[in-house]
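Participant: Supplied structure: run06.txt, compact mmCIF, C-alpha atoms.
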```
# COMPACT_ATOMS: atom_id res chain seq x y z
CA MET A 16 -15.32 8.89 -6.86
CA THR A 17 -13.56 5.54 -7.24
CA ASP A 18 -13.00 5.43 -11.00
CA HIS A 19 -9.24 5.62 -10.56
CA TYR A 20 -9.27 2.29 -8.74
CA PHE A 21 -10.73 0.49 -11.75
CA THR A 22 -9.98 2.51 -14.85
CA ASP A 23 -6.51 2.83 -16.27
CA SER A 24 -5.38 6.40 -16.82
CA PRO A 25 -2.38 7.71 -18.72
CA ALA A 26 0.65 9.18 -16.99
CA ALA A 27 0.13 12.75 -15.86
CA THR A 28 1.45 15.46 -18.15
CA ASP A 29 3.95 18.09 -17.05
CA ALA A 30 1.05 20.51 -16.66
CA GLU A 31 -0.90 18.08 -14.46
CA ARG A 32 1.91 17.16 -12.06
CA ARG A 33 2.44 19.40 -9.07
CA PRO A 34 5.01 19.38 -6.25
CA LEU A 35 4.09 18.36 -2.72
CA ASP A 36 6.24 18.77 0.40
CA VAL A 37 5.71 15.88 2.77
CA THR A 38 7.45 14.04 5.61
CA LEU A 39 8.25 10.37 4.89
CA ALA A 40 10.36 8.12 7.12
CA GLY A 41 11.27 11.17 9.19
CA ARG A 42 12.59 13.08 6.18
CA GLU A 43 11.24 16.23 4.60
CA VAL A 44 10.95 15.44 0.90
CA THR A 45 9.35 16.92 -2.19
CA VAL A 46 7.34 14.59 -4.41
CA GLU A 47 4.99 15.03 -7.35
CA THR A 48 1.28 14.25 -7.35
CA ALA A 49 -1.55 14.70 -9.82
CA GLY A 50 -5.32 14.54 -9.96
CA GLY A 51 -6.78 11.15 -10.70
CA THR A 52 -4.81 9.46 -7.94
CA PHE A 53 -5.74 8.91 -4.32
CA SER A 54 -5.17 11.91 -2.02
CA PRO A 55 -3.18 14.08 -4.45
CA THR A 56 -3.11 17.08 -2.11
CA GLY A 57 -1.21 15.46 0.74
CA LEU A 58 -0.65 12.46 2.95
CA ASP A 59 -4.11 11.22 3.89
CA LYS A 60 -5.00 10.55 7.53
CA ALA A 61 -5.30 6.79 7.14
CA THR A 62 -1.87 6.40 5.57
CA ALA A 63 -0.36 8.66 8.22
CA VAL A 64 -1.89 6.46 10.95
CA LEU A 65 -0.50 3.36 9.26
CA LEU A 66 3.01 4.77 8.89
CA ASP A 67 3.03 5.82 12.55
CA ALA A 68 2.13 2.27 13.65
CA VAL A 69 4.26 -0.02 11.48
CA PRO A 70 7.53 -1.56 12.72
CA GLN A 71 10.88 -1.32 10.97
CA PRO A 72 10.50 -3.30 7.73
CA PRO A 73 12.78 -6.27 7.02
CA SER A 74 15.96 -5.54 5.12
CA ALA A 75 17.28 -7.36 2.04
CA ALA A 76 13.84 -8.81 1.28
CA ASP A 77 10.86 -8.32 -1.04
CA LEU A 78 8.28 -5.91 0.38
CA LEU A 79 4.86 -4.99 -1.03
CA ASP A 80 2.66 -1.90 -1.15
CA ILE A 81 -0.82 -2.76 -2.50
CA GLY A 82 -2.39 0.24 -4.27
CA CYS A 83 0.60 2.56 -4.26
CA GLY A 84 -1.03 5.74 -5.62
CA TRP A 85 1.65 8.43 -5.86
CA GLY A 86 3.83 6.34 -3.57
CA PRO A 87 3.86 7.41 0.10
CA ILE A 88 3.90 3.87 1.51
CA ALA A 89 6.30 2.42 -1.07
CA LEU A 90 8.66 5.37 -0.71
CA THR A 91 8.63 5.02 3.08
CA LEU A 92 9.42 1.31 2.81
CA ALA A 93 12.28 2.08 0.44
CA LEU A 94 13.68 4.84 2.65
CA ARG A 95 13.50 2.68 5.77
CA ALA A 96 14.83 -0.49 4.12
CA PRO A 97 17.29 0.60 1.42
CA ASP A 98 18.57 -2.95 0.86
CA ALA A 99 15.08 -4.35 0.26
CA THR A 100 13.18 -4.56 -3.02
CA VAL A 101 9.90 -2.68 -2.72
CA TRP A 102 7.10 -3.70 -5.09
CA ALA A 103 4.73 -0.76 -5.62
CA VAL A 104 1.58 -2.22 -7.18
CA ASP A 105 -1.30 -0.32 -8.74
CA VAL A 106 -3.74 -0.74 -11.63
CA THR A 107 -3.17 2.64 -13.31
CA GLU A 108 -0.21 3.93 -15.28
CA ARG A 109 -0.75 7.36 -13.71
CA ALA A 110 -0.06 6.03 -10.22
CA LEU A 111 2.84 3.85 -11.32
CA ASP A 112 4.46 6.70 -13.24
CA LEU A 113 4.21 9.08 -10.28
CA THR A 114 5.68 6.52 -7.89
CA ARG A 115 8.45 5.76 -10.39
CA ARG A 116 9.26 9.47 -10.78
CA ASN A 117 9.18 10.10 -7.04
CA ALA A 118 11.47 7.16 -6.31
CA ALA A 119 13.93 8.39 -8.93
CA ALA A 120 13.85 11.94 -7.58
CA LEU A 121 14.67 10.65 -4.09
CA GLY A 122 17.47 8.44 -5.40
CA LEU A 123 15.63 5.25 -4.45
CA THR A 124 16.76 2.52 -6.81
CA ASN A 125 15.03 -0.24 -4.85
CA VAL A 126 11.43 0.54 -5.89
CA ARG A 127 9.83 -1.59 -8.61
CA THR A 128 6.49 -0.37 -9.92
CA ALA A 129 4.19 -3.01 -11.37
CA ARG A 130 0.65 -3.86 -12.29
CA PRO A 131 -0.74 -6.81 -10.33
CA ASP A 132 -0.15 -9.30 -13.16
CA GLU A 133 3.47 -8.16 -13.53
CA VAL A 134 4.50 -9.37 -10.08
CA PRO A 135 6.07 -12.86 -10.19
CA THR A 136 3.45 -15.30 -8.93
CA ASN A 137 5.92 -17.34 -6.89
CA LEU A 138 7.39 -14.36 -5.02
CA PRO A 139 6.77 -14.33 -1.24
CA PHE A 140 6.82 -11.05 0.68
CA ALA A 141 8.60 -10.38 3.96
CA ALA A 142 6.18 -7.53 4.70
CA ILE A 143 3.05 -6.03 3.18
CA TRP A 144 1.90 -2.51 4.00
CA SER A 145 -1.32 -1.13 2.52
CA ASN A 146 -4.08 1.42 2.78
CA PRO A 147 -6.43 -0.73 0.68
CA PRO A 148 -9.13 0.91 -1.48
CA ILE A 149 -12.03 -0.09 0.76
CA ARG A 150 -14.54 2.06 -1.14
CA ILE A 151 -14.35 -0.21 -4.19
CA GLY A 152 -16.78 -2.48 -2.33
CA LYS A 153 -16.49 -5.54 -0.15
CA PRO A 154 -16.41 -8.21 -2.90
CA ALA A 155 -13.55 -6.44 -4.70
CA VAL A 156 -11.65 -5.85 -1.45
CA HIS A 157 -12.08 -9.50 -0.51
CA GLU A 158 -10.62 -10.50 -3.87
CA LEU A 159 -7.70 -8.10 -3.42
CA LEU A 160 -6.92 -9.43 0.06
CA ARG A 161 -7.38 -13.03 -1.10
CA THR A 162 -4.85 -12.40 -3.86
CA TRP A 163 -2.08 -10.81 -1.83
CA LEU A 164 -2.22 -11.73 1.87
CA PRO A 165 -1.56 -15.46 1.32
CA ARG A 166 1.71 -14.43 -0.32
CA LEU A 167 3.24 -13.48 3.00
CA ALA A 168 6.42 -15.44 3.66
CA PRO A 169 6.42 -17.73 6.72
CA GLY A 170 6.88 -15.57 9.79
CA ALA A 171 6.00 -12.37 7.92
CA ASP A 172 3.35 -9.74 8.71
CA ALA A 173 1.04 -7.49 6.74
CA HIS A 174 -0.14 -4.17 8.16
CA LEU A 175 -3.38 -2.71 6.80
CA VAL A 176 -5.18 0.49 7.74
CA ILE A 177 -8.98 0.53 7.45
CA GLY A 178 -11.55 3.01 8.75
CA LYS A 179 -13.61 1.81 11.69
CA ASN A 180 -16.76 3.04 9.94
CA LEU A 181 -15.69 1.25 6.73
CA GLY A 182 -15.74 -2.16 8.35
CA ALA A 183 -12.30 -2.62 9.87
CA ASP A 184 -13.53 -5.04 12.52
CA GLY A 185 -15.41 -7.11 9.96
CA TYR A 186 -12.37 -7.33 7.70
CA GLN A 187 -10.28 -8.39 10.68
CA ARG A 188 -12.66 -11.31 11.34
CA TRP A 189 -12.92 -12.19 7.63
CA ILE A 190 -9.15 -12.42 7.13
CA SER A 191 -8.78 -14.64 10.18
CA THR A 192 -11.65 -16.98 9.33
CA GLU A 193 -11.73 -17.04 5.52
CA LEU A 194 -8.01 -16.80 4.79
CA GLY A 195 -6.84 -18.62 7.91
CA LEU A 196 -4.30 -15.90 8.71
CA PRO A 197 -4.30 -14.65 12.31
CA THR A 198 -5.22 -10.97 12.35
CA GLU A 199 -5.31 -8.55 15.27
CA ARG A 200 -5.73 -4.85 15.82
CA VAL A 201 -2.41 -3.24 16.72
CA GLY A 202 -3.37 0.41 16.52
CA SER A 203 -6.36 2.75 16.51
CA SER A 204 -6.32 6.49 15.87
CA LYS A 205 -8.50 9.16 14.29
CA GLY A 206 -11.21 6.64 13.39
CA PHE A 207 -8.83 4.18 11.72
CA ARG A 208 -7.73 0.71 12.73
CA VAL A 209 -4.32 -0.76 11.97
CA LEU A 210 -4.56 -4.51 11.50
CA ARG A 211 -1.65 -6.93 11.57
CA THR A 212 -2.05 -10.16 9.63
CA SER A 213 0.56 -12.83 10.29
CA ARG A 214 1.65 -15.99 8.53
CA PRO A 215 2.99 -18.38 11.18
CA ALA A 216 6.61 -19.42 10.78
CA ALA A 217 7.11 -22.81 9.19
CA GLY A 218 7.54 -25.69 11.60
```
Would it be possible to restate this file's structure as structure tokens?

Facilitator:
Amino acid sequence: MTDHYFTDSPAATDAERRPLDVTLAGREVTVETAGGTFSPTGLDKATAVLLDAVPQPPSAADLLDIGCGWGPIALTLALRAPDATVWAVDVTERALDLTRRNAAALGLTNVRTARPDEVPTNLPFAAIWSNPPIRIGKPAVHELLRTWLPRLAPGADAHLVIGKNLGADGYQRWISTELGLPTERVGSSKGFRVLRTSRPAAG
């Protein structure tokens, strides 16, 4: 069930890709999806809850989507903040290729797809949005959050969506205590929690 989170997979072939009509950033758009990525048949409930809860992203800044899949979060960031640089990060070429194709089809030149080790290590992010792959297991999720959340710029926020029954409240406490980043619940719908993690402004 979770192989695509760990195992690289080649870009989808023409025969594997299929069109999907979806609403992103208030726009009706057509994207491409394929099997072997998360939620290839549509916008999943958790991501929809997240996108309904997030504020307007900062403009002219570096923004991050952790685990981009076919790109719904990264594409929304890019549509809502056209002057920003959106880093769409995933571990599989299949996901990165789909996000790259979808950004190009929508005329979004501000999306940069990358594997985790291709993101500059000294780059701070003005916002992080993510539906993290909780089902990979708590140790792996902890490592993922430990890698990316401390890279928030001073005064910046991350918004994460996590299922209540998948430990959202526990992750909220863990981020606050283990990473030292204040985290609060800012939304709850359809069994999902939206958490906001903040890095206090310098000074």

Participant: Contacts of Val101 of chain A at 7 Å or less, counting all atoms listed in the file, minus same-chain residues fewer than 5 places along, as a PyMOL selection string?

Facilitator: chain A and resi 77-79+89+92-93+125-127

Participant: For the atom pair atom CA of Pro197 of chain A and atom CA of Arg211 of chain A, what is the interatomic distance in Å to one decimal place?

Facilitator: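 Going from atom CA of Pro197 of chain A over to atom CA of Arg211 of chain A, I get 8.2 Å.
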
Participant: Would you list the contacts of Ala75 of chain A as JSON, numbers by chain, taking every protein, DNA or RNA residue within 9 Å and counting only C-alpha atoms, but skipping same-chain residues closer than 5 positions in sequence?

Facilitator: {"A": [96, 97, 98, 99, 100]}

Participant: Just give me the gap between atom CA of Gly185 of chain A and atom CA of Glu158 of chain A in Å, one decimal is fine.

Facilitator: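 According to the coordinates, atom CA of Gly185 of chain A and atom CA of Glu158 of chain A are separated by 15.0 Å.
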
Participant: Nearest residue to Pro72 of chain A out of A:Ala118, A:Ala40, A:Val106, A:Ala27, using only C-alpha atoms?

Facilitator: A:Ala40

Participant: Would you mind telling me which residue in A:Gly57, A:Pro70, A:Pro139, A:Pro148 lies nearest to Trp163 of chain A when using only C-alpha atoms?

Facilitator: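 Closest to Trp163 of chain A of all the choices is A:Pro139.
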
Participant: Near Arg161 of chain A, within 9 Å and counting only C-alpha atoms, which residues show up once chain neighbours fewer than 3 positions away are dropped, as a ChimeraX atom specification?

Facilitator: /A:156-158,164-165,190,193-194

Participant: Skip Val134 of chain A itself and residues of its chain fewer than 4 positions away, then list as JSON, numbers by chain all residues within 10 Å of it, counting all atoms listed in the file.

Facilitator: {"A": [102, 103, 104, 127, 128, 129, 130, 138]}

Participant: Extract, using all atoms listed in the file, all DNA, RNA and protein residues at most 6 Å from Arg208 of chain A, discarding same-chain residues fewer than 2 positions from it, and format them as a list in words.

Facilitator: Val176, Ile177, Gly178, Gly202 and Ser203 of chain A

Participant: Using all atoms listed in the file, pick whichever of A:Thr198, A:Thr48, A:Gln71, A:Ser204 has the shortest atom-to-atom distance to Thr114 of chain A.

Facilitator: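 Result for the nearest residue to Thr114 of chain A: A:Thr48.
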
Participant: List as a ChimeraX atom specification the residues having at least one atom at most 9 Å from position (3.6, 4.4, 9.0) as given in the file, counting all atoms listed in the file.

Facilitator: /A:39-40,62-70,88,91,144

Participant: Which one of A:Leu58, A:Leu160, A:Ala120, A:Ala155 sits closest to Trp189 of chain A if you count all atoms listed in the file?

Facilitator: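 Once distances to Trp189 of chain A are computed over all atoms listed in the file, the minimum belongs to A:Leu160.
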
Participant: Atom CA of Val46 of chain A to atom CA of Thr107 of chain A: how many Å, to one decimal?

Facilitator: 18.2 Å

Participant: Between A:Thr124, A:Ala171, A:Thr192, A:Ala183, which has the minimum distance to Thr212 of chain A (counting all atoms listed in the file)?

Facilitator: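 Ranking A:Thr124, A:Ala171, A:Thr192, A:Ala183 by distance to Thr212 of chain A, first place goes to A:Ala171.
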
Participant: Which residue gives the smallest distance to Gly50 of chain A among A:Pro215, A:Gly182, A:Pro25, A:Pro73, with only C-alpha atoms counted?

Facilitator: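 Going through A:Pro215, A:Gly182, A:Pro25, A:Pro73 one by one, the smallest distance to Gly50 of chain A is for A:Pro25.
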
Participant: Adding 5 Å on each side of the box along x, y and z that holds all listed atoms of segment 108-127 of chain A, could you give its centre and edge lengths in Å to one decimal, as lines of an AutoDock Vina configuration file?

Facilitator:
```
center_x = 8.4
center_y = 5.2
center_z = -9.7
size_x = 28.2
size_y = 23.5
size_z = 21.2
```
